[in-house]
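Notes follow the structure.
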Amino acid sequence: MRALFYQSAESAMNQPPSSTLRVAVIGGGPAGLMAAEVLAAHGVQVDVYDAMASVGRKFLLAGKGGMNITHSEPYPDFVARYGARHQQVARWLQEFDADAVRAWIHDLGIETFVGSSGRVFPREMKAAPLLRAWLHRLREGGVRFHMRHRWLGWQDGRLHFATPDGELQVEADATILALGGASWARLGSDGAWIPLLTERGIEVAPLVPANCGFDTGWSAHFSSRHAGEPLITVALGWRAQDGQIAWRKGQFVVTQGGIEGSLVYALSARLRDQIAHEGSATVWIDLMPDFSAERVEAEVTRPRGSRSMSSHLQSRLGIKGVKAGLLHECLSRDEYADPVRLAAAIKGLPLTLLRTRPIDEAISSAGGVRFESLADDGAMLRALPGVFVAGEMVDWEAPTGGYLLTACFAGGRASASAALEWLGARA
Ligand SMILES: Cc1cc2nc3c(=O)[nH]c(=O)nc-3n(C[C@H](O)[C@H](O)[C@H](O)COP(=O)(O)OP(=O)(O)OC[C@H]3O[C@@H](n4cnc5c(N)ncnc54)[C@H](O)[C@@H]3O)c2cc1C
């Protein structure tokens with residue numbers, strides 16, 4: 001049985017710090033802010049430092065296209081989304097799962113709703129009202145914010161920052177690092193923390209793109225006509241471990257040089273790893289996932305009289321625009337002219353993916369501080385007692401669907417709990 005330990009922070013906060021203990025939280029994204037909330041609620045003086053002029057910039061961006069904060073699917077399905085790291089992430093979720101995320105948002109006065117896919121969104125779909133209410137509560141609870149403070153590592157055992165007023169050394173009883181991954185560096189998380197930790201013996205898996213697009217090397221002709229066009233209701237196939245092609249329905253977008261979008265992101269971890277091992281990866285596009293192969297073949301092989309193949313496909317199957325363009329782009333003249341081979345291609349058009357798009361464009365990054373470098377609490381760096389890590393800078397990954405933010409929130413809380421326990425044991 002999993003226990004749910006979420007308690008309203010509202011009552012516990014709004015009180016000045018009751019202890020002389022000081023914890024530095026470096027990184028004001030969702031993971032760091034959540035750690036700050038738990039620490040402040042326990043009476044600890046919390047100082048949040050961030051390199052940017054304001055906190056939560058990626059969180060705000062995540063809210064631009066409709067903030068997907070968590071997911072309503074059953075817990076076993078939910079936790080399985082963390083793949084190879086699901087056991088480690090499950091330990092954080094035990095204290096703060098998807099239901100707790102929703103209760104926490106409601107506590108901030110923001111309503112949520114469940115979309116048709118089971119994804120959970122704030123009622124207004126935006127992050128700004130939520131972040132505003134959250135920061136207000138944190139400030140009321142005594143959390144102090146220090147913006148434009150870039151952490152540079154340690155100097156003489158103290159935290160070392162570059163600030164607009166020069167360099168600064170700060171002493172703290174414990175430190176939480178929540179520095180993010182390496183996508184969208186202009187929003188603050190640039191991965192510059194990696195050498196600061198590796199030189200102290202912390203193992204860090206290289207940061208690589210997750211939930212990312214891929215380059216395919218379209219012809220100039222195809223991309224000039226179709227870049228930016230969505231492929232709605234298609235399926236993507238990939239070679240599963242048993243050698244069979246597995247399929248998933250959804251939608252994605254043709255870009256200038258490749259493909260991106262939710263269906264591509266859902267498969268991106270395995271395709272990225274396949275490219276790393278084999279140099280490229282093949283996906284298959286089913287352009288008519290709601291039609292059986294037999295039906296498509298029957299329609300394509302019908303006599304077409306003097307009609308061109310393009311207008312035949314449009315009238316029999318509604319294939320036009322970017323879908324028709326893809327067939328021309330990916331098939332030889334002979335394949336396109338052969339109705340049986342053309343029908344087979346409509347149900348499984350092979351597309352070679354050459355490389356991932358750069359990490360800076362990705363929704364998130366994989367890699368980060370390896371769990372093997374963490375103490376049994378799943379948050380403290382073994383090599384640096386009193387220093388805890390949380391959020392995307394830790395080596396786990398998940399697809400889009402609210403799983404990223406949920407693990408950042410839950411990991412932030414877990415790091416704060418571990419810090420409180422560590423401080424308590426030393427008192
Ligand atoms: C376009 C986009 C859309 C997204 N949509 C969703 C979504 O709908 N649902 C979802 O679950 N997830 C979404 N995500 C992912 C989610 O936003 C991230 O996983 C999450 O913000 C990571 O939180 P974090 O606290 O670990 O790191 P971040 O949010 O990256 O915060 C890290 C903070 O650390 C600071 N920092 C870094 N280095 C230093 C330093 N040396 N000194 C001081 N400060 C430093 C940064 O300035 C930053 O404020 C989206 C991401 C993007 C890019």
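Residues in the structure tokens are named by chain (A, B, ... in the order shown) and by number from 1 within that chain; ligands are numbered from 1 in the order shown.
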
Could you give me, as a VMD selection string, every polymer residue with an atom at most 7 Å away from an atom of ligand 1, counting only C-alpha atoms and all ligand atoms? chain A and resid 26 to 32 49 to 52 55 to 59 61 to 63 66 to 70 149 to 152 178 to 181 183 to 184 187 to 193 362 to 364 390 to 393 400 to 406 408

Members of stretch 39-128 of chain A assigned strand (DSSP E) by DSSP, as a ChimeraX atom specification: /A:45-49,70-71,112-114,119-122

Grab the atom CA of A:Ala298 to atom CA of A:Ala344 distance for me, in Å with one decimal place.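 Computing the Euclidean distance for atom CA of A:Ala298 and atom CA of A:Ala344 yields 11.1 Å.
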
Here is a test: counting only C-alpha atoms, which residue of A:Gly157, A:Pro74, A:Gly257, A:Gly367 is nearest to A:Gly386? A:Gly157

Of the residues A:Glu299, A:Glu372, A:Glu260, A:Asp360, which is the one nearest to A:Ile202, using only C-alpha atoms?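 With only C-alpha atoms as the atom set, the closest residue is A:Glu372.
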
All residues 12 Å or closer to A:Leu384, only C-alpha atoms, same chain fewer than 3 positions away omitted, as a PyMOL selection string: chain A and resi 154+157+174-177+196-202+373-375+379-381+387-389

To one decimal in Å, tell me the separation between atom CA of A:Pro76 and atom CA of A:Asp99.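 Separation between atom CA of A:Pro76 and atom CA of A:Asp99: 13.5 Å.
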
Atomic distance atom CA of A:Ala281 - atom CA of A:Thr352, expressed in Å with one decimal: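 These two atoms are separated by 5.8 Å.
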
Which residue is closest to A:Ala128? Choose from A:Ala35, A:Leu60, A:Ala425, A:Val296 and count only C-alpha atoms.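 Once distances to A:Ala128 are computed over only C-alpha atoms, the minimum belongs to A:Leu60.
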
Restricting the calculation to only C-alpha atoms, which member of A:Gly258, A:Gly318, A:Pro289, A:Gly118 is positioned closest to A:Ser223? A:Gly258

Identify which of the residues A:Arg307, A:His42, A:Arg316, A:Arg341 lies closest to A:Gly141, counting only C-alpha atoms when measuring atom-to-atom distances.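 Going through A:Arg307, A:His42, A:Arg316, A:Arg341 one by one, the smallest distance to A:Gly141 is for A:His42.
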
If we count only C-alpha atoms, what is near A:Gly321 at a cut-off of 12 Å, once residues fewer than 3 positions away on the same chain are taken out, given as a ChimeraX atom specification? /A:222,225-227,229-232,254,287,310-311,313-314,318,324-328

Those same residues, written as a CSV table (one decimal), in the first residue's frame with C-alpha atoms?
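result.csv, freshly written:
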chain,number,residue,atom,x,y,z
A,222,PHE,CA,9.4,18.4,-50.0
A,225,ARG,CA,6.1,22.6,-49.6
A,226,HIS,CA,5.3,20.8,-46.4
A,227,ALA,CA,7.4,22.0,-43.5
A,229,GLU,CA,2.2,20.7,-41.8
A,230,PRO,CA,0.7,18.3,-39.3
A,231,LEU,CA,0.1,14.6,-39.9
A,232,ILE,CA,-3.1,14.0,-38.0
A,254,VAL,CA,6.8,17.7,-40.6
A,287,LEU,CA,-1.0,7.0,-43.3
A,310,SER,CA,-2.5,11.2,-57.2
A,311,SER,CA,-6.2,11.9,-57.9
A,313,LEU,CA,-5.6,8.2,-54.0
A,314,GLN,CA,-7.3,11.4,-53.2
A,318,GLY,CA,-8.6,11.0,-49.2
A,324,ALA,CA,0.6,12.5,-50.7
A,325,GLY,CA,3.8,14.5,-50.6
A,326,LEU,CA,5.4,11.9,-48.3
A,327,LEU,CA,4.6,9.1,-50.7
A,328,HIS,CA,6.3,10.9,-53.5

For A:Met288, please output as number ranges by chain all residues within 10 Å (counting only C-alpha atoms; exclusion window: fewer than 4 positions along the same chain). A: 233-235, 292-293, 296, 317-319, 323, 346-348

Between A:Glu329, A:Glu124, A:Pro399, A:Val283, which one has atoms that come closest to A:Ser262, using only C-alpha atoms? A:Pro399

Near A:Thr20, within 10 Å and counting only C-alpha atoms, which residues show up once chain neighbours fewer than 4 positions away are dropped, as JSON, numbers by chain? {"A": [43, 44, 45, 173]}

Output N, CA, C and O atoms of each residue in that selection to a file, as a PDB file, in the first residue's frame.
ATOM      1  N   GLY A  43       9.955  25.230   9.168  1.00  0.00           N
ATOM      2  CA  GLY A  43      10.575  26.258   9.994  1.00  0.00           C
ATOM      3  C   GLY A  43      12.025  26.554   9.684  1.00  0.00           C
ATOM      4  O   GLY A  43      12.700  27.269  10.429  1.00  0.00           O
ATOM      5  N   VAL A  44      12.526  26.011   8.578  1.00  0.00           N
ATOM      6  CA  VAL A  44      13.927  26.240   8.213  1.00  0.00           C
ATOM      7  C   VAL A  44      14.028  27.541   7.413  1.00  0.00           C
ATOM      8  O   VAL A  44      13.124  27.860   6.637  1.00  0.00           O
ATOM      9  N   GLN A  45      15.102  28.302   7.603  1.00  0.00           N
ATOM     10  CA  GLN A  45      15.311  29.483   6.758  1.00  0.00           C
ATOM     11  C   GLN A  45      15.772  29.021   5.374  1.00  0.00           C
ATOM     12  O   GLN A  45      16.788  28.326   5.256  1.00  0.00           O
ATOM     13  N   ASP A 173      23.623  25.248   5.999  1.00  0.00           N
ATOM     14  CA  ASP A 173      23.692  23.987   6.744  1.00  0.00           C
ATOM     15  C   ASP A 173      23.434  22.798   5.829  1.00  0.00           C
ATOM     16  O   ASP A 173      23.870  21.692   6.113  1.00  0.00           O
TER      17      ASP A 173
END

Could you tell me, as a VMD selection string, which residues of stretch 233-360 of chain A DSSP assigns to helix (DSSP H, G or I) when given the backbone? chain A and resid 262 to 278 293 to 301 309 to 317 321 to 330 333 to 337 339 to 346 359 to 360
